[in-house]
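Data from run.tsv: TSV, C-alpha atoms and all ligand atoms
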```tsv
chain	number	residue	atom	x	y	z
A	437	MET	CA	0.00	0.00	0.00
A	438	ARG	CA	1.10	3.54	-0.77
A	439	VAL	CA	0.45	6.28	1.74
A	440	GLY	CA	0.88	9.95	0.91
A	441	VAL	CA	1.01	12.89	3.29
A	442	LEU	CA	0.04	16.23	1.76
A	443	ALA	CA	3.20	18.25	2.32
A	444	ILE	CA	2.50	21.80	1.25
A	445	GLN	CA	1.95	23.39	4.67
A	446	GLY	CA	1.50	22.29	8.28
A	447	ASP	CA	2.85	19.44	10.38
A	448	PHE	CA	3.29	16.92	7.60
A	449	SER	CA	6.72	15.63	8.71
A	450	GLU	CA	5.28	14.48	12.04
A	451	HIS	CA	2.68	12.48	10.10
A	452	VAL	CA	5.30	10.92	7.81
A	453	GLU	CA	7.39	9.85	10.81
A	454	SER	CA	4.32	8.62	12.63
A	455	VAL	CA	3.11	6.57	9.64
A	456	ARG	CA	6.57	4.98	9.37
A	457	ARG	CA	6.47	3.97	13.01
A	458	ALA	CA	2.83	2.85	12.72
A	459	LEU	CA	3.52	0.57	9.73
A	460	ASP	CA	6.44	-0.92	11.58
A	461	TYR	CA	4.51	-1.35	14.82
A	462	LEU	CA	1.48	-2.83	13.03
A	463	ASN	CA	3.67	-5.09	10.92
A	464	MET	CA	2.14	-3.75	7.72
A	465	ARG	CA	3.99	-3.47	4.44
A	466	GLY	CA	3.74	-0.10	2.78
A	467	SER	CA	5.50	3.08	1.80
A	468	VAL	CA	4.93	6.65	2.83
A	469	GLU	CA	5.78	9.75	0.80
A	470	TYR	CA	5.61	13.53	0.98
A	471	VAL	CA	3.02	14.69	-1.58
A	472	ARG	CA	3.95	17.99	-3.24
A	473	LYS	CA	2.96	17.45	-6.88
A	474	ARG	CA	-0.34	16.60	-8.52
A	475	GLU	CA	1.24	13.66	-10.40
A	476	GLN	CA	1.77	11.80	-7.13
A	477	ILE	CA	-1.93	11.51	-6.27
A	478	SER	CA	-2.81	8.88	-8.87
A	479	GLY	CA	-0.43	6.29	-7.37
A	480	LEU	CA	-1.75	6.53	-3.81
A	481	ASP	CA	-4.07	4.27	-1.84
A	482	TYR	CA	-4.23	6.49	1.25
A	483	LEU	CA	-3.85	10.25	1.65
A	484	ILE	CA	-3.38	12.18	4.89
A	485	ILE	CA	-4.19	15.89	5.07
A	486	PRO	CA	-2.33	17.29	8.09
A	487	GLY	CA	-2.95	20.07	10.57
A	488	GLY	CA	-1.76	23.55	9.68
A	489	GLU	CA	-3.63	26.53	8.30
A	490	SER	CA	-6.67	25.41	6.33
A	491	THR	CA	-6.90	28.63	4.28
A	492	THR	CA	-3.27	28.25	3.12
A	493	ILE	CA	-3.48	24.51	2.46
A	494	SER	CA	-6.66	25.04	0.44
A	495	ARG	CA	-5.13	27.82	-1.67
A	496	LEU	CA	-1.93	25.89	-2.39
A	497	MET	CA	-3.85	22.72	-3.16
A	498	ILE	CA	-5.87	24.55	-5.80
A	499	GLN	CA	-2.84	26.35	-7.29
A	500	SER	CA	-0.85	23.13	-7.62
A	501	GLY	CA	-3.71	21.19	-9.22
A	502	ILE	CA	-3.62	18.72	-6.32
A	503	TYR	CA	-7.20	19.74	-5.45
A	504	ASP	CA	-8.57	18.53	-8.81
A	505	GLU	CA	-6.51	15.33	-8.68
A	506	ILE	CA	-7.89	14.44	-5.24
A	507	LYS	CA	-11.45	15.11	-6.41
A	508	LYS	CA	-10.92	12.90	-9.46
A	509	LYS	CA	-9.25	10.07	-7.59
A	510	THR	CA	-11.86	10.01	-4.80
A	511	GLU	CA	-14.77	10.10	-7.22
A	512	LYS	CA	-13.51	7.50	-9.71
A	513	GLU	CA	-11.21	5.30	-7.61
A	514	ASN	CA	-10.78	4.11	-4.07
A	515	LEU	CA	-8.51	6.74	-2.58
A	516	ALA	CA	-9.03	6.81	1.20
A	517	VAL	CA	-8.49	10.20	2.82
A	518	ILE	CA	-8.06	11.27	6.44
A	519	GLY	CA	-8.02	14.91	7.47
A	520	THR	CA	-6.66	15.90	10.88
A	521	CYS	CA	-7.29	19.30	12.48
A	522	ALA	CA	-6.94	21.79	9.57
A	523	GLY	CA	-7.28	18.70	7.38
A	524	SER	CA	-10.66	17.98	8.94
A	525	ILE	CA	-11.82	21.40	7.76
A	526	LEU	CA	-10.77	20.53	4.21
A	527	MET	CA	-12.87	17.33	4.33
A	528	ALA	CA	-16.05	19.27	5.17
A	529	ARG	CA	-19.00	20.03	2.94
A	530	GLU	CA	-19.59	23.22	4.91
A	531	VAL	CA	-17.41	25.66	6.89
A	532	ILE	CA	-19.75	27.63	9.13
A	533	ASP	CA	-18.49	31.23	9.51
A	534	ASP	CA	-15.65	31.16	6.96
A	535	SER	CA	-16.43	31.14	3.27
A	536	ARG	CA	-12.80	31.76	2.27
A	537	VAL	CA	-11.83	28.14	2.65
A	538	LYS	CA	-12.60	26.13	-0.45
A	539	THR	CA	-12.85	22.61	0.90
A	540	LEU	CA	-12.71	19.24	-0.84
A	541	ALA	CA	-16.27	18.55	0.41
A	542	LEU	CA	-15.66	14.81	0.73
A	543	MET	CA	-17.82	14.40	3.83
A	544	ASP	CA	-21.26	15.53	4.91
A	545	ILE	CA	-20.03	17.49	7.89
A	546	ALA	CA	-20.21	21.14	8.93
A	547	VAL	CA	-17.20	22.50	10.82
A	548	ARG	CA	-16.40	25.68	12.70
A	549	ARG	CA	-12.79	26.92	12.74
A	550	ASN	CA	-10.84	27.77	15.94
A	551	PHE	CA	-13.80	26.67	18.00
A	552	PHE	CA	-12.02	26.44	21.34
A	553	GLY	CA	-10.79	30.03	21.25
A	554	ARG	CA	-7.85	31.61	23.02
A	555	GLN	CA	-8.41	30.23	26.49
A	556	ARG	CA	-8.03	26.69	25.32
A	557	GLU	CA	-5.83	27.04	22.24
A	558	SER	CA	-4.15	23.74	23.05
A	559	PHE	CA	-5.18	21.04	25.45
A	560	GLU	CA	-5.26	17.30	25.87
A	561	THR	CA	-8.16	15.14	26.90
A	562	ASP	CA	-9.38	11.56	26.80
A	563	LEU	CA	-12.00	10.70	24.21
A	564	GLU	CA	-14.11	7.61	23.78
A	565	ILE	CA	-13.67	6.47	20.17
A	566	GLU	CA	-16.14	4.04	18.59
A	567	GLY	CA	-14.39	0.70	18.09
A	568	LEU	CA	-11.15	1.87	19.77
A	569	GLY	CA	-12.14	2.75	23.33
A	570	SER	CA	-10.40	5.39	25.39
A	571	TYR	CA	-7.93	7.58	23.49
A	572	HIS	CA	-5.71	10.41	24.69
A	573	ALA	CA	-6.12	13.25	22.18
A	574	VAL	CA	-4.08	16.42	21.60
A	575	PHE	CA	-5.91	19.55	20.39
A	576	ILE	CA	-4.17	22.61	18.89
A	577	ARG	CA	-6.34	25.54	17.80
A	578	ALA	CA	-8.82	22.90	16.84
A	579	PRO	CA	-11.99	23.30	14.82
A	580	ILE	CA	-15.19	21.50	15.85
A	581	ILE	CA	-17.47	19.30	13.81
A	582	GLU	CA	-20.89	20.80	14.53
A	583	ARG	CA	-23.06	18.45	12.51
A	584	CYS	CA	-22.86	15.42	10.33
A	585	TRP	CA	-25.56	14.02	8.06
A	586	GLY	CA	-26.19	11.57	5.22
A	587	ASP	CA	-24.06	8.40	5.44
A	588	CYS	CA	-21.70	10.08	7.83
A	589	GLU	CA	-21.14	8.32	11.14
A	590	ILE	CA	-19.94	9.85	14.42
A	591	LEU	CA	-16.88	8.08	15.88
A	592	ALA	CA	-16.13	10.33	18.85
A	593	LYS	CA	-17.74	13.22	20.66
A	594	ILE	CA	-16.37	16.03	22.78
A	595	GLY	CA	-19.08	17.46	25.00
A	596	ASP	CA	-22.19	17.63	22.85
A	597	LYS	CA	-20.19	18.16	19.65
A	598	ILE	CA	-18.26	15.87	17.29
A	599	ALA	CA	-14.49	15.20	17.41
A	600	MET	CA	-14.23	12.43	14.80
A	601	ALA	CA	-16.44	11.14	12.00
A	602	ARG	CA	-16.29	8.68	9.13
A	603	GLN	CA	-18.07	8.45	5.81
A	604	ASN	CA	-17.20	5.65	3.38
A	605	ARG	CA	-13.42	5.86	2.85
A	606	PHE	CA	-13.06	9.22	4.55
A	607	ILE	CA	-12.26	10.18	8.13
A	608	SER	CA	-12.25	13.62	9.69
A	609	LEU	CA	-10.85	14.32	13.15
A	610	ILE	CA	-10.12	17.55	14.94
A	611	PHE	CA	-7.12	16.43	17.00
A	612	HIS	CA	-3.52	15.35	16.24
A	613	PRO	CA	-2.87	11.57	16.13
A	614	GLU	CA	0.65	12.23	14.79
A	615	LEU	CA	1.69	13.76	18.11
A	616	THR	CA	1.22	10.65	20.24
A	617	ASP	CA	2.62	7.16	19.93
A	618	ASP	CA	-0.80	5.55	19.91
A	619	TYR	CA	-1.17	4.10	16.40
A	620	ARG	CA	-4.78	2.89	16.61
A	621	ILE	CA	-6.14	5.74	14.49
A	622	TYR	CA	-3.71	4.92	11.67
A	623	LYS	CA	-4.69	1.26	11.99
A	624	LEU	CA	-8.37	2.17	11.64
A	625	PHE	CA	-7.52	4.29	8.60
A	626	PHE	CA	-5.39	1.62	6.91
A	627	GLU	CA	-8.22	-0.86	7.35
A	628	LEU	CA	-10.71	1.26	5.37
B	1	LIG	N1	-6.84	26.79	13.23
B	1	LIG	C1	-6.38	26.10	12.07
B	1	LIG	C2	-7.30	26.38	10.88
B	1	LIG	O1	-8.37	26.86	11.06
B	1	LIG	C3	-6.29	24.61	12.33
B	1	LIG	C4	-5.29	24.36	13.45
B	1	LIG	C5	-4.45	23.13	13.28
B	1	LIG	O2	-4.48	22.46	12.26
B	1	LIG	N2	-3.65	22.82	14.28
B	1	LIG	O3	-6.94	26.12	9.77
```
As structure tokens, please, write out the structure in this file.
Ligand code: GLN
Amino acid sequence: MRVGVLAIQGDFSEHVESVRRALDYLNMRGSVEYVRKREQISGLDYLIIPGGESTTISRLMIQSGIYDEIKKKTEKENLAVIGTCAGSILMAREVIDDSRVKTLALMDIAVRRNFFGRQRESFETDLEIEGLGSYHAVFIRAPIIERCWGDCEILAKIGDKIAMARQNRFISLIFHPELTDDYRIYKLFFEL
């Protein structure tokens, strides 16, 4: 299997390192690469969109043509995509309160950027994830998933809102799995 990490802005190197360790730990055969050019998308089975600045990632994705390639490959073939933090914004059909971000709209979710505000810019907390159990999650200027509809399924909640969701081959989560050495989220993703 070929895993790509979108590497145009944000904390992509942490994901690449984390995927390497995860594959090793899970005894799975696969390769992981930094994705910077549109030509790379067609060869991938899995794509990770990292945390960073969603407005910047969106703009650079469109400029580079990567945006169109992802749309094509997810519509016509089985590319699985996971978006973490800023990446989760790019997965959304709707960004409440910020129309500047052109998202990939892969999932029927509505997100709100920088939901936790200044007081709680970064924090850690334990979540209960469907199928995984208790999970220690790291949040950095995280968005929130306000709603999900259609075939979309909630995998974890934080308070009365949504922290993680899945729809077909797509996962959106508002925290940072690449910053812990718990590889269960990658395992879940690689099993899609
Ligand atoms: N606040 C960022 C955004 O709205 C996301 C933060 C992150 O990815 N750590 O794009």
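Pocket residues of ligand LIG 1 (chain B), taken as those with any atom at most 6 Å away using all atoms listed in the file, are Gly487, Gly488, Glu489, Ser490, Cys521, Ala522, Arg549, Asn550, Ile576, Arg577 and Ala578 of chain A.
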TODO: For atom CA of A:Asp587 and atom CA of A:Asn604, determine how far apart the two atoms are, in Å to one decimal place.
DONE: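 Here the two named atoms are 7.7 Å from each other.
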Open item on the list: List as an NGL selection string the protein and nucleic acid residues near A:Glu589, meaning an atom at most 9 Å away when only C-alpha atoms are counted, but skip any in the same chain fewer than 2 places from it.
Closed with: :A and (584-587 or 591 or 600-603)
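Rounded to one decimal, atom CA of A:Val455 and atom CA of A:Ile485 lie 12.7 Å from each other.
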Open item on the list: Please list as a ChimeraX atom specification every residue within 12 Å of A:Arg457, counting all atoms listed in the file and excluding residues in the same chain fewer than 2 positions away.
Closed with: /A:450-455,459-468,614,616-620,622-623
TODO: Rank A:Cys588, A:Val537, A:Ile502, A:Ala573 by their smallest atom-to-atom distance to A:Ser558, using all atoms listed in the file, and report the top residue only.
DONE: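 Nearest candidate to A:Ser558 out of A:Cys588, A:Val537, A:Ile502, A:Ala573: A:Ala573.
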Open item on the list: When you count only C-alpha atoms, which of these residues is closest to A:Ser570: A:Arg583, A:Arg474, A:Arg605, A:Lys593?
Closed with: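 Of the candidates, the smallest distance to A:Ser570 is held by A:Lys593.
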- [ ] Select all residues near (-13.2, 27.6, 25.7) (cut-off 12 Å, inclusive, file coordinates), counting only C-alpha atoms, and output them as a list in words.
- [x]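 The residues near that point, listed by chain and number, are Asn550, Phe551, Phe552, Gly553, Arg554, Gln555, Arg556, Glu557, Ser558, Phe559, Arg577, Ala578, Pro579, Ile580 and Gly595 of chain A.
The residue that comes closest to A:Lys512, out of A:Ala458, A:Phe611, A:Ser478, A:Ala443 and on the basis of only C-alpha atoms, is A:Ser478.
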Task: Shell around A:Ala592 at 9 Å using all atoms listed in the file, local window under 3 positions removed, as number ranges by chain - done: A: 563-566, 597-601, 609
Open item on the list: Please compute the atom CA of A:Gly523-atom CA of A:Ile506 distance, one decimal, in Å.
Closed with: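 Here the two named atoms are 13.3 Å from each other.
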Open item on the list: When you count all atoms listed in the file, which of these residues is closest to A:Arg529: A:Glu475, A:Glu582, A:Glu560, A:Asp504?
Closed with: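 The answer is A:Glu582, which sits nearest to A:Arg529.
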